[in-house]
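Structure file final-v2.txt; described as compact mmCIF, C-alpha atoms.
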```txt
# COMPACT_ATOMS: atom_id res chain seq x y z
CA MET A 268 99.34 81.02 95.35
CA GLY A 269 102.82 79.55 95.57
CA LEU A 270 104.50 82.76 94.45
CA ASN A 271 107.39 83.35 96.78
CA ARG A 272 108.66 86.61 95.40
CA LYS A 273 110.71 89.19 97.18
CA VAL A 274 110.20 92.72 95.90
CA GLY A 275 112.13 95.68 97.22
CA PHE A 276 110.61 99.09 97.91
CA LEU A 277 112.07 100.88 94.86
CA GLU A 278 111.15 97.99 92.56
CA GLY A 279 107.66 98.08 93.98
CA LEU A 280 107.35 101.77 93.12
CA LYS A 281 108.09 100.95 89.46
CA TYR A 282 105.20 98.47 89.29
CA GLN A 283 102.60 99.87 86.90
CA GLY A 284 99.49 98.76 88.76
CA GLY A 285 97.30 101.67 87.70
CA GLY A 286 93.89 102.38 89.24
CA PRO A 287 93.35 99.08 91.07
CA MET A 288 96.78 99.32 92.73
CA LEU A 289 96.05 102.89 93.78
CA ALA A 290 92.76 101.69 95.30
CA TRP A 291 94.57 98.85 97.09
CA ILE A 292 97.28 101.06 98.55
CA LEU A 293 94.76 103.75 99.53
CA HIS A 294 92.63 101.07 101.20
CA ARG A 295 95.64 100.05 103.28
CA ILE A 296 96.68 103.63 104.12
CA THR A 297 93.13 104.69 105.05
CA ALA A 298 92.81 101.55 107.22
CA LEU A 299 95.92 102.53 109.16
CA GLY A 300 94.62 106.11 109.33
CA ILE A 301 91.31 104.98 110.84
CA ILE A 302 93.09 102.71 113.35
CA LEU A 303 95.41 105.58 114.33
CA PHE A 304 92.50 108.01 114.66
CA VAL A 305 90.20 105.72 116.63
CA GLY A 306 93.07 104.54 118.83
CA LEU A 307 94.13 108.10 119.65
CA HIS A 308 90.51 109.03 120.24
CA VAL A 309 89.94 106.17 122.70
CA VAL A 310 93.22 106.82 124.57
CA ALA A 311 92.60 110.56 124.70
CA SER A 312 89.05 110.09 125.96
CA PHE A 313 90.28 107.74 128.66
CA PHE A 314 92.97 110.14 129.91
CA MET A 315 90.58 113.07 129.65
CA GLN A 316 87.84 111.40 131.69
CA GLN A 317 89.96 109.58 134.24
CA LEU A 318 92.90 111.93 134.74
CA GLY A 319 91.90 115.21 133.10
CA SER A 320 95.33 115.47 131.52
CA ASP A 321 96.43 118.38 129.32
CA PHE A 322 98.00 116.04 126.80
CA ALA A 323 94.61 114.48 126.09
CA THR A 324 93.15 117.96 125.58
CA THR A 325 95.91 118.71 123.06
CA ILE A 326 95.09 115.54 121.11
CA ASN A 327 91.40 116.43 121.19
CA ILE A 328 92.09 119.92 119.84
CA ILE A 329 94.11 118.44 116.98
CA TYR A 330 91.55 115.93 115.82
CA GLU A 331 88.58 118.21 116.25
CA SER A 332 90.12 120.81 113.93
CA TRP A 333 88.36 121.02 110.58
CA ILE A 334 91.50 120.15 108.60
CA PHE A 335 91.76 116.87 110.49
CA GLN A 336 88.03 116.27 109.98
CA ILE A 337 88.58 116.43 106.23
CA ILE A 338 91.36 113.81 106.47
CA VAL A 339 89.28 111.51 108.70
CA ALA A 340 86.28 111.84 106.37
CA PHE A 341 88.51 110.88 103.43
CA CYS A 342 89.72 107.77 105.26
CA VAL A 343 86.26 106.64 106.39
CA ILE A 344 84.38 107.32 103.15
CA PHE A 345 87.08 105.91 100.87
CA HIS A 346 87.57 102.81 103.01
CA ALA A 347 83.82 102.16 103.14
CA LEU A 348 83.23 102.59 99.40
CA ASN A 349 86.33 100.67 98.34
CA GLY A 350 85.45 97.92 100.80
CA LEU A 351 81.96 97.73 99.31
CA ARG A 352 83.47 97.32 95.83
CA ILE A 353 85.79 94.57 97.12
CA VAL A 354 82.83 92.77 98.71
CA ILE A 355 80.86 92.99 95.46
CA CYS A 356 83.82 91.68 93.45
CA ASP A 357 84.51 88.86 95.91
CA LEU A 358 80.97 87.62 96.45
CA TRP A 359 79.88 87.97 92.79
CA PRO A 360 83.02 87.07 90.83
CA GLN A 361 81.28 87.74 87.49
CA SER A 362 81.52 91.43 88.35
CA LEU A 363 85.32 91.18 88.06
CA MET A 364 84.73 91.44 84.30
CA TYR A 365 83.74 95.05 84.95
CA GLN A 366 86.36 95.77 87.60
CA ARG A 367 87.61 98.99 86.04
CA GLU A 368 84.12 100.29 85.42
CA LEU A 369 83.24 99.52 89.05
CA LEU A 370 86.35 101.41 90.12
CA TRP A 371 85.33 104.42 88.05
CA ALA A 372 81.79 104.27 89.46
CA GLN A 373 83.31 104.10 92.92
CA TRP A 374 85.41 107.23 92.30
CA PHE A 375 82.35 109.10 91.00
CA ILE A 376 80.29 108.16 94.07
CA PHE A 377 83.26 109.01 96.29
CA ALA A 378 83.69 112.40 94.62
CA ALA A 379 80.02 113.20 95.19
CA ILE A 380 79.86 112.15 98.86
CA TYR A 381 83.31 113.40 99.84
CA GLY A 382 82.98 116.63 97.87
CA LEU A 383 79.71 117.43 99.61
CA THR A 384 81.28 116.62 103.00
CA VAL A 385 84.31 118.84 102.36
CA ILE A 386 82.15 121.74 101.13
CA LEU A 387 79.90 121.47 104.21
CA VAL A 388 82.86 121.20 106.63
CA ILE A 389 84.59 124.24 105.10
CA TYR A 390 81.31 126.16 104.99
CA ILE A 391 80.46 125.40 108.64
CA ASN A 392 83.96 126.00 110.02
CA VAL A 393 85.25 128.86 107.90
CA THR A 394 82.28 130.97 106.93
CA VAL A 395 79.88 130.39 109.80
CA GLY A 396 82.13 129.56 112.75
CA MET B 163 106.82 91.89 101.00
CA ARG B 164 105.89 88.32 100.09
CA ALA B 165 102.77 86.67 98.75
CA ARG B 166 100.80 85.01 101.49
CA THR B 167 100.21 81.29 101.18
CA VAL B 168 96.82 80.05 102.34
CA GLN B 169 95.79 76.41 102.80
CA PRO B 170 92.52 75.35 101.16
CA GLY B 171 89.59 74.47 103.39
CA LEU B 172 88.00 76.01 106.45
CA THR B 173 91.13 77.58 107.93
CA PHE B 174 91.61 80.55 110.23
CA GLU B 175 92.68 82.72 107.29
CA TYR B 176 89.55 81.80 105.31
CA ILE B 177 87.25 82.47 108.26
CA MET B 178 88.84 85.86 108.86
CA TRP B 179 88.71 86.63 105.12
CA ILE B 180 84.96 86.01 104.97
CA PHE B 181 84.47 87.74 108.35
CA THR B 182 86.17 90.88 107.01
CA ARG B 183 83.65 91.04 104.16
CA ILE B 184 80.61 90.33 106.33
CA SER B 185 81.67 92.75 109.07
CA GLY B 186 82.40 95.43 106.48
CA LEU B 187 78.88 95.14 105.10
CA ALA B 188 77.45 95.01 108.64
CA MET B 189 79.33 98.16 109.66
CA ILE B 190 78.02 100.07 106.63
CA LEU B 191 74.48 98.99 107.56
CA LEU B 192 74.93 99.82 111.27
CA ALA B 193 76.46 103.20 110.42
CA LEU B 194 73.50 104.02 108.17
CA ILE B 195 71.08 103.07 110.99
CA GLY B 196 73.09 105.22 113.42
CA MET B 197 73.05 108.15 111.01
CA VAL B 198 69.30 107.88 110.40
CA GLY B 199 68.80 107.61 114.18
CA ALA B 200 70.91 110.70 114.73
CA PHE B 201 68.86 112.73 112.27
CA TYR B 202 65.60 111.38 113.67
CA LEU B 203 66.55 112.09 117.30
CA GLY B 204 67.48 115.71 116.79
CA ALA B 205 70.70 116.17 114.83
CA ARG B 206 68.73 117.73 111.99
CA THR B 207 69.22 121.26 113.19
CA GLN B 208 72.85 121.52 114.34
CA VAL B 209 74.78 118.73 112.69
CA ASP B 210 78.49 119.20 112.22
CA LEU B 211 80.79 116.41 111.09
CA PRO B 212 82.24 115.32 114.48
CA THR B 213 78.72 115.15 115.91
CA LEU B 214 77.48 113.07 113.01
CA LEU B 215 80.51 110.75 113.21
CA ARG B 216 80.00 110.30 116.95
CA TRP B 217 76.35 109.43 116.44
CA THR B 218 77.01 107.27 113.40
CA PHE B 219 79.75 105.06 114.74
CA PHE B 220 79.27 104.95 118.49
CA PRO B 221 75.87 106.18 119.70
CA ASN B 222 76.72 106.12 123.41
CA PRO B 223 75.48 108.82 125.83
CA ASN B 224 79.05 109.23 127.13
CA HIS B 225 80.35 109.57 123.62
CA VAL B 226 77.89 112.16 122.37
CA VAL B 227 77.88 114.21 125.58
CA ASN B 228 80.28 116.80 124.15
CA SER B 229 78.18 117.41 121.07
CA GLU B 230 75.16 119.61 121.01
CA ILE B 231 72.32 117.19 121.41
CA PRO B 232 68.98 118.32 122.72
CA ASP B 233 67.74 115.39 124.80
CA LEU B 234 70.35 112.93 125.95
CA THR B 235 68.10 110.77 128.04
CA LEU B 236 65.10 110.70 125.72
CA GLY B 237 66.29 108.62 122.83
CA TRP B 238 69.77 107.26 123.37
CA ALA B 239 70.09 105.40 126.67
CA THR B 240 67.97 102.47 125.52
CA ALA B 241 68.61 98.76 125.07
CA PHE B 242 68.27 99.13 121.30
CA TRP B 243 71.16 101.57 121.05
CA GLN B 244 73.19 99.53 123.54
CA ILE B 245 72.84 96.48 121.29
CA MET B 246 73.74 98.64 118.28
CA GLN B 247 76.88 99.86 120.07
CA ILE B 248 77.96 96.38 121.10
CA LEU B 249 77.45 95.09 117.55
CA ILE B 250 79.37 97.94 115.93
CA ILE B 251 82.20 97.78 118.45
CA PHE B 252 82.50 94.00 118.00
CA PHE B 253 82.56 94.21 114.20
CA ALA B 254 84.82 97.27 114.14
CA ALA B 255 87.36 95.98 116.68
CA THR B 256 87.58 92.53 115.12
CA HIS B 257 87.77 93.92 111.58
CA ALA B 258 90.43 96.45 112.59
CA TYR B 259 92.67 94.19 114.66
CA ASN B 260 92.51 91.46 112.02
CA GLY B 261 93.32 93.99 109.31
CA LEU B 262 96.26 95.22 111.33
CA ARG B 263 97.45 91.63 111.74
CA VAL B 264 97.18 91.02 107.98
CA ILE B 265 99.13 94.18 107.17
CA ILE B 266 101.86 93.38 109.71
CA GLU B 267 102.18 89.78 108.48
CA ASP B 268 102.37 90.99 104.87
CA TYR B 269 105.58 92.83 105.71
CA THR B 270 107.11 90.49 108.27
CA GLY B 271 106.29 87.09 106.79
CA ARG B 272 106.87 83.91 108.71
CA SER B 273 109.30 84.55 111.52
CA PHE B 274 109.46 83.91 115.22
CA TRP B 275 107.79 87.32 115.70
CA ARG B 276 104.52 86.07 114.19
CA PRO B 277 103.13 84.18 117.21
CA LEU B 278 104.24 87.00 119.52
CA VAL B 279 102.53 89.66 117.37
CA ARG B 280 99.43 87.48 117.04
CA GLY B 281 99.25 86.93 120.78
CA PHE B 282 99.73 90.62 121.50
CA ILE B 283 97.03 91.64 119.02
CA PHE B 284 94.66 88.99 120.39
CA LEU B 285 95.13 90.25 123.96
CA LEU B 286 94.67 93.86 122.82
CA TRP B 287 91.48 92.85 120.96
CA LEU B 288 90.09 91.02 123.98
CA PHE B 289 90.96 93.90 126.31
CA SER B 290 89.38 96.54 124.03
CA LEU B 291 86.24 94.50 123.58
CA VAL B 292 85.75 93.80 127.30
CA LEU B 293 86.44 97.45 128.17
CA ALA B 294 84.12 98.77 125.46
CA ILE B 295 81.26 96.46 126.43
CA TYR B 296 81.74 97.44 130.09
CA VAL B 297 81.57 101.14 129.14
CA ILE B 298 78.44 100.54 127.03
CA LEU B 299 76.60 98.56 129.71
CA ALA B 300 77.62 100.89 132.53
CA SER B 301 76.45 104.05 130.76
```

Would you mind writing the file out in structure tokens?
Amino acid sequence: MGLNRKVGFLEGLKYQGGGPMLAWILHRITALGIILFVGLHVVASFFMQQLGSDFATTINIIYESWIFQIIVAFCVIFHALNGLRIVICDLWPQSLMYQRELLWAQWFIFAAIYGLTVILVIYINVTVG
Amino acid sequence: MRARTVQPGLTFEYIMWIFTRISGLAMILLALIGMVGAFYLGARTQVDLPTLLRWTFFPNPNHVVNSEIPDLTLGWATAFWQIMQILIIFFAATHAYNGLRVIIEDYTGRSFWRPLVRGFIFLLWLFSLVLAIYVILAS
């Protein structure tokens, strides 16, 4: 891995990576999303319990809203499924032959789990609540 | 962004690479156990997504106190769930801080910032872990 290349942002956007690149970049974005969410959650809980601050309540109201729940569920479910595919590809390298098929299978499983989650969240929060 | 160069052999990068895979699998397993436990211990009737996420990823009595759970003391304040929490917090914190380090180093490369960022992330990791385990054991 002696490639010492320097690629700018605009050049990087032109790179035609297709599905695997989309999965890679989404894995990275969802990771940062989860870190941001869990970090905010821990900090807010601390300030809520120890100081009872209004700012913590504001953060809690934001991330308990159903729109934010849909975003968090996307991050968690995508990161888990994509991570599982990466583990399978890394620990059984023969499966790299079927990388694209695995990616498609992953998107189908993701659509099923995430679709059900979104439908339930909208149903519970919009129609019932 | 530059390609990372990794030495062959049992290096720090290799250990963290394999740890990321193992902890990812472990977290999926622990989350499934937490979810099954949540359904078994009474989330069947009024489960909404925040409740399920709280139960799935951090089944601590302090954590689930805001959600509508029927019997807090019956099923959750046990040694089994304390061990589960410590395991998931160890895997999650290490996985997350290491991932953050990898992402930062992908975009900064080798500079004099690297040891400073590494040290800062290590201290943050240690602090979070000690605090989380204290919270788990004290609750």

Produce a table with one row for each residue of segment 310-381 of chain A that has an atom at most 12 Å from any atom of segment 170-179 of chain B, each row naming the nearest atom pair and its distance in Å at one decimal; use only C-alpha atoms; arrange rows by chain and rising residue number; format as CSV.
```
residue,atom,partner,partner_atom,distance
A:Ile353,CA,B:Trp179,CA,11.6
A:Val354,CA,B:Trp179,CA,10.6
A:Asp357,CA,B:Trp179,CA,10.4
A:Leu358,CA,B:Trp179,CA,11.7
```

**Shortest interatomic distance to chain A - which of B:Pro277, B:Pro221, B:Gly199, B:Gly271, counting all atoms listed in the file** =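 Answer, going by the shortest atom-to-atom distance: B:Gly271.
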
**Minimum-distance residue to chain A, chosen among B:Pro223, B:Gly186, B:Gly281, B:Gly196 (using only C-alpha atoms)** = B:Gly186

**Selected residue, from B:Ala258, B:Leu192, B:Leu187, B:Ala241, that lies nearest to Leu299 of chain B when counting only C-alpha atoms** =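 Ranking B:Ala258, B:Leu192, B:Leu187, B:Ala241 by distance to Leu299 of chain B, first place goes to B:Ala241.
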
**Asked** With all atoms listed in the file as the atoms that count, which of B:Ile265, B:Leu291, B:Ile250, B:Leu278 lies nearest to chain A?
**Response**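 Ranked by minimum distance to chain A, first place goes to B:Ile265.
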
**Complete:** Correct to one decimal, the distance atom CA of Gly285 of chain A-atom CA of Ile190 of chain B is 27.1 Å

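When all atoms listed in the file are used to compute distances to Val388 of chain A, the closest of the residues A:Leu318, A:Leu299, A:Val339, A:Leu370 turns out to be A:Val339.
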
**Item:** Between atom CA of Phe219 of chain B and atom CA of Ala193 of chain B - distance in Å to one decimal
**Value:** 5.7 Å

Sorted by chain and rising residue number, which residues of chain A lie within 10 Å of chain B, and what are their closest atom pairs and distances in Å to one decimal, counting all atoms listed in the file, as JSON lines?
```
{"residue": "A:Met268", "atom": "CA", "partner": "B:Thr167", "partner_atom": "CA", "distance": 5.9}
{"residue": "A:Gly269", "atom": "CA", "partner": "B:Thr167", "partner_atom": "CA", "distance": 6.4}
{"residue": "A:Leu270", "atom": "CA", "partner": "B:Ala165", "partner_atom": "CA", "distance": 6.1}
{"residue": "A:Asn271", "atom": "CA", "partner": "B:Ala165", "partner_atom": "CA", "distance": 6.0}
{"residue": "A:Arg272", "atom": "CA", "partner": "B:Arg164", "partner_atom": "CA", "distance": 5.7}
{"residue": "A:Lys273", "atom": "CA", "partner": "B:Arg164", "partner_atom": "CA", "distance": 5.7}
{"residue": "A:Val274", "atom": "CA", "partner": "B:Met163", "partner_atom": "CA", "distance": 6.2}
{"residue": "A:Gly275", "atom": "CA", "partner": "B:Met163", "partner_atom": "CA", "distance": 7.5}
{"residue": "A:Phe276", "atom": "CA", "partner": "B:Met163", "partner_atom": "CA", "distance": 8.7}
{"residue": "A:Gly279", "atom": "CA", "partner": "B:Met163", "partner_atom": "CA", "distance": 9.4}
{"residue": "A:Arg295", "atom": "CA", "partner": "B:Ile265", "partner_atom": "CA", "distance": 7.9}
{"residue": "A:Ala298", "atom": "CA", "partner": "B:Ala258", "partner_atom": "CA", "distance": 7.8}
{"residue": "A:Leu299", "atom": "CA", "partner": "B:Leu262", "partner_atom": "CA", "distance": 7.6}
{"residue": "A:Ile301", "atom": "CA", "partner": "B:Ala258", "partner_atom": "CA", "distance": 8.8}
{"residue": "A:Ile302", "atom": "CA", "partner": "B:Ala258", "partner_atom": "CA", "distance": 6.8}
{"residue": "A:Val309", "atom": "CA", "partner": "B:Ser290", "partner_atom": "CA", "distance": 9.7}
{"residue": "A:Ser312", "atom": "CA", "partner": "B:His225", "partner_atom": "CA", "distance": 9.0}
{"residue": "A:Tyr330", "atom": "CA", "partner": "B:Pro212", "partner_atom": "CA", "distance": 9.4}
{"residue": "A:Glu331", "atom": "CA", "partner": "B:Pro212", "partner_atom": "CA", "distance": 7.2}
{"residue": "A:Ser332", "atom": "CA", "partner": "B:Pro212", "partner_atom": "CA", "distance": 9.6}
{"residue": "A:Trp333", "atom": "CA", "partner": "B:Leu211", "partner_atom": "CA", "distance": 8.9}
{"residue": "A:Gln336", "atom": "CA", "partner": "B:Leu211", "partner_atom": "CA", "distance": 7.3}
{"residue": "A:Ile337", "atom": "CA", "partner": "B:Leu211", "partner_atom": "CA", "distance": 9.2}
{"residue": "A:Val339", "atom": "CA", "partner": "B:Pro212", "partner_atom": "CA", "distance": 9.9}
{"residue": "A:Ala340", "atom": "CA", "partner": "B:Leu211", "partner_atom": "CA", "distance": 8.6}
{"residue": "A:Val343", "atom": "CA", "partner": "B:Leu215", "partner_atom": "CA", "distance": 9.8}
{"residue": "A:His346", "atom": "CA", "partner": "B:Gly186", "partner_atom": "CA", "distance": 9.7}
{"residue": "A:Ala347", "atom": "CA", "partner": "B:Ile190", "partner_atom": "CA", "distance": 7.1}
{"residue": "A:Leu348", "atom": "CA", "partner": "B:Ile190", "partner_atom": "CA", "distance": 9.3}
{"residue": "A:Gly350", "atom": "CA", "partner": "B:Gly186", "partner_atom": "CA", "distance": 6.9}
{"residue": "A:Leu351", "atom": "CA", "partner": "B:Leu187", "partner_atom": "CA", "distance": 7.1}
{"residue": "A:Ile353", "atom": "CA", "partner": "B:Arg183", "partner_atom": "CA", "distance": 8.2}
{"residue": "A:Val354", "atom": "CA", "partner": "B:Arg183", "partner_atom": "CA", "distance": 5.8}
{"residue": "A:Ile355", "atom": "CA", "partner": "B:Arg183", "partner_atom": "CA", "distance": 9.3}
{"residue": "A:Asp357", "atom": "CA", "partner": "B:Arg183", "partner_atom": "CA", "distance": 8.6}
{"residue": "A:Leu358", "atom": "CA", "partner": "B:Arg183", "partner_atom": "CA", "distance": 8.9}
{"residue": "A:Thr384", "atom": "CA", "partner": "B:Leu211", "partner_atom": "CA", "distance": 8.1}
{"residue": "A:Val385", "atom": "CA", "partner": "B:Leu211", "partner_atom": "CA", "distance": 9.7}
{"residue": "A:Leu387", "atom": "CA", "partner": "B:Asp210", "partner_atom": "CA", "distance": 8.4}
{"residue": "A:Val388", "atom": "CA", "partner": "B:Leu211", "partner_atom": "CA", "distance": 6.9}
{"residue": "A:Ile391", "atom": "CA", "partner": "B:Asp210", "partner_atom": "CA", "distance": 7.4}
{"residue": "A:Asn392", "atom": "CA", "partner": "B:Asp210", "partner_atom": "CA", "distance": 9.0}
```
